[in-house]
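Contents: one structure, followed by commentary.
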Amino acid sequence: MDSAPALPVKHATALGMLCGAGSALFWAFGFVAARHGVLIGMSPLVLAMHRFVWPGFALLPVVAASGFSDLGGFGWRRGVAITLVGGLPLALWSYIGYVYVPLGHGSIIQPSCAAVGGLILARFMLKEPLPPRRIAGAVIIVLGLAVIGAEALRTMGREGIVGDLLFVAAGSSFAIFGMLLRLWRITPMHAAAVTSVLSLAGLPILLFAYGNFLAAGFYENLLQAVVQGVFAGPAAIYLFTRAVVLLGAGRAALYPSLVPAFSLLLGFLVLGEVPTVSQLVGLAIVVAGFRLTQTS
């Protein structure tokens, strides 16, 4: 049977741009919803449940159909490895970080550390070339992060540094996750399914936050289930994967740099969190660094 006709180049490019921007917007929604949840008293454990438990149960039949014995050719060793760096632990670092610092810190630091960490790992683990422009971009990103870290130390003290370091850990963890996907040639959607299902192993620890889950009420839990479990998870990954297919990896790689800006804008509109001058300066520096890291 003949395959469906390909989209015209112009339409494919437009669709790819929409998918890329949509993935960045959905990831930004995840940051803003997490900060909102923490502000109203939701436990990071409850937020983590919404991020992985519902997708885990929904994708369980998919993983089971492909075979549990080797996770559909994935292998248990690899499955556990990518879950430790891209599953429940990563979500916990991120959500706990918002207990200590405002939205601007997490939404800028985590993607930035993922980008810089990804460059370093690609060079030393995957032996990919690292052109001077990308080195300069990484240095600029670090300078932007230093501006934000200085604000944390100056205005929030030790707790601010703890929060920022948690986001550094989350971003670095995601960089390792991305490196493993490239090293083992794993598709993002397959990885999302396996990490969600294997993250169900952490479900018992969420029993410690069961009272907090009930206290949050139906509406707030539904909001987090939809945003964290659908938009910021499988939906964002699917849209970004489509952007890569339609635009190519190089052009699609620019879209994660929109996440910090989208997050700050949504945080202002939805939460009323006004970015500080230091956060805006740090964002501008980081975005300039992002552009350099994504061009050869």
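By convention here, the chains of the structure tokens are called A, B, ... in the order presented, each chain's residues are numbered starting at 1, and ligands are numbered starting at 1 in the order presented.
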For this session: For segment 218-235 of chain A, work out the shell of residues within 9 Å, counting only C-alpha atoms and skipping chain neighbours fewer than 3 positions away, then give it as a VMD selection string.
Result: chain A and resid 23 25 to 31 33 to 34 37 42 46 to 55 189 192 to 193 213 to 215 238 to 240
Problem set entry | Minimum-distance residue to Leu88 of chain A, chosen among A:Val38, A:Leu45, A:Ile148, A:Leu18 (using only C-alpha atoms) |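 That would be A:Leu45, the residue with the smallest distance to Leu88 of chain A.
The spacing separating atom CA of Leu200 of chain A from atom CA of Ala175 of chain A amounts to 22.2 Å.
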Can you check which parts of segment 130-180 of chain A lie within 10 Å of segment 100-115 of chain A? Per residue, the shortest pair of atoms and distance in Å to one decimal, counting only C-alpha atoms, sorted by chain and number, as a tab-separated table.
residue	atom	partner	partner_atom	distance
A:Gly137	CA	A:Ala115	CA	9.9
A:Ala138	CA	A:Ala115	CA	8.0
A:Ile141	CA	A:Ser112	CA	6.7
A:Val142	CA	A:Ser112	CA	8.1
A:Gly144	CA	A:Ile109	CA	9.1
A:Leu145	CA	A:Ile109	CA	6.4
A:Ala146	CA	A:Ile109	CA	9.8
A:Ile148	CA	A:His105	CA	6.8
A:Gly149	CA	A:His105	CA	8.3
A:Glu151	CA	A:His105	CA	9.5
A:Ala152	CA	A:Val101	CA	7.7
A:Met156	CA	A:Val101	CA	7.9
A:Arg158	CA	A:Tyr100	CA	9.5
A:Glu159	CA	A:Tyr100	CA	5.8
A:Gly160	CA	A:Val101	CA	5.7
A:Ile161	CA	A:Tyr100	CA	8.5
A:Val162	CA	A:Tyr100	CA	7.3
A:Gly163	CA	A:Tyr100	CA	5.0
A:Asp164	CA	A:His105	CA	6.7
A:Leu165	CA	A:Ile109	CA	9.0
A:Leu166	CA	A:Gly106	CA	8.8
A:Phe167	CA	A:Gln110	CA	5.1
A:Val168	CA	A:Gln110	CA	5.9
A:Ala169	CA	A:Gln110	CA	8.0
A:Ala170	CA	A:Gln110	CA	6.1
A:Gly171	CA	A:Gln110	CA	4.3
A:Ser172	CA	A:Ala114	CA	5.3
A:Ser173	CA	A:Ala114	CA	7.5
A:Phe174	CA	A:Ala114	CA	5.8
A:Ala175	CA	A:Ala114	CA	4.6
A:Ile176	CA	A:Ala114	CA	8.3
A:Phe177	CA	A:Ala114	CA	9.4
A:Gly178	CA	A:Ala114	CA	8.7
Selection file, C-alpha atoms, as a CSV table (one decimal), in the first residue's frame:
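See selection-v5.csv below for the written result:
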chain,number,residue,atom,x,y,z
A,137,GLY,CA,27.8,29.6,24.2
A,138,ALA,CA,28.3,27.3,27.2
A,141,ILE,CA,25.2,30.3,29.8
A,142,VAL,CA,27.3,29.8,32.9
A,144,GLY,CA,24.0,33.9,33.1
A,145,LEU,CA,23.5,31.3,35.8
A,146,ALA,CA,26.1,33.0,37.9
A,148,ILE,CA,20.9,34.2,39.1
A,149,GLY,CA,23.0,32.3,41.7
A,151,GLU,CA,20.8,36.8,43.5
A,152,ALA,CA,19.9,33.6,45.4
A,156,MET,CA,17.6,34.2,50.0
A,158,ARG,CA,21.5,29.3,52.2
A,159,GLU,CA,18.0,28.2,51.2
A,160,GLY,CA,18.3,30.0,47.9
A,161,ILE,CA,21.6,28.2,47.1
A,162,VAL,CA,20.0,24.8,48.1
A,163,GLY,CA,17.1,25.5,45.7
A,164,ASP,CA,19.4,26.5,42.9
A,165,LEU,CA,21.6,23.4,43.4
A,166,LEU,CA,18.5,21.2,43.2
A,167,PHE,CA,17.7,22.6,39.8
A,168,VAL,CA,21.4,22.2,38.8
A,169,ALA,CA,21.0,18.5,39.8
A,170,ALA,CA,17.7,18.2,37.8
A,171,GLY,CA,19.2,19.8,34.7
A,172,SER,CA,22.4,17.7,34.9
A,173,SER,CA,20.3,14.6,35.3
A,174,PHE,CA,18.3,15.5,32.2
A,175,ALA,CA,21.6,16.0,30.3
A,176,ILE,CA,22.6,12.5,31.2
A,177,PHE,CA,19.2,11.2,30.2
A,178,GLY,CA,19.6,12.8,26.7
Seminar exercise, completed: Of A:Gly272, A:Phe57, A:Val287, A:Val147, the one nearest to Val259 of chain A when counting only C-alpha atoms is A:Val287
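The residue that comes closest to Leu207 of chain A, out of A:Ser43, A:Pro129, A:Ala12, A:Gly73 and on the basis of only C-alpha atoms, is A:Ser43.
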Exercise. For Ala201 of chain A, which residue out of A:Thr13, A:Ser257, A:Thr83, A:Ser69 is the nearest one, using only C-alpha atoms?
Worked result: A:Thr83
For this session: Report as a ChimeraX atom specification: the residues of segment 65-103 of chain A with a DSSP assignment of alpha helix (DSSP H), based on the backbone of this structure.
Result: /A:65-66,76-86,88-97,103
For this session: Identify which of the residues A:Ala288, A:Ala216, A:Ile140, A:Ile40 lies closest to Leu254 of chain A, counting only C-alpha atoms when measuring atom-to-atom distances.
Result: A:Ala288
For this session: Could you give me, as a ChimeraX atom specification, the residues within 12 Å of segment 241-246 of chain A, counting only C-alpha atoms and dropping anything in the same chain fewer than 5 positions from it?
Result: /A:6-24,187-192,234-236,251-256
For this session: Pick out the closest residue to Lys127 of chain A from this set: A:Leu183, A:Ala91, A:Leu198, A:Leu71. Count only C-alpha atoms.
Result: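 Nearest to Lys127 of chain A: A:Leu183.
Going from atom CA of Asp70 of chain A over to atom CA of Gly202 of chain A, you cover 20.2 Å.
Separating atom CA of Val281 of chain A from atom CA of Trp93 of chain A is a distance of 24.7 Å.
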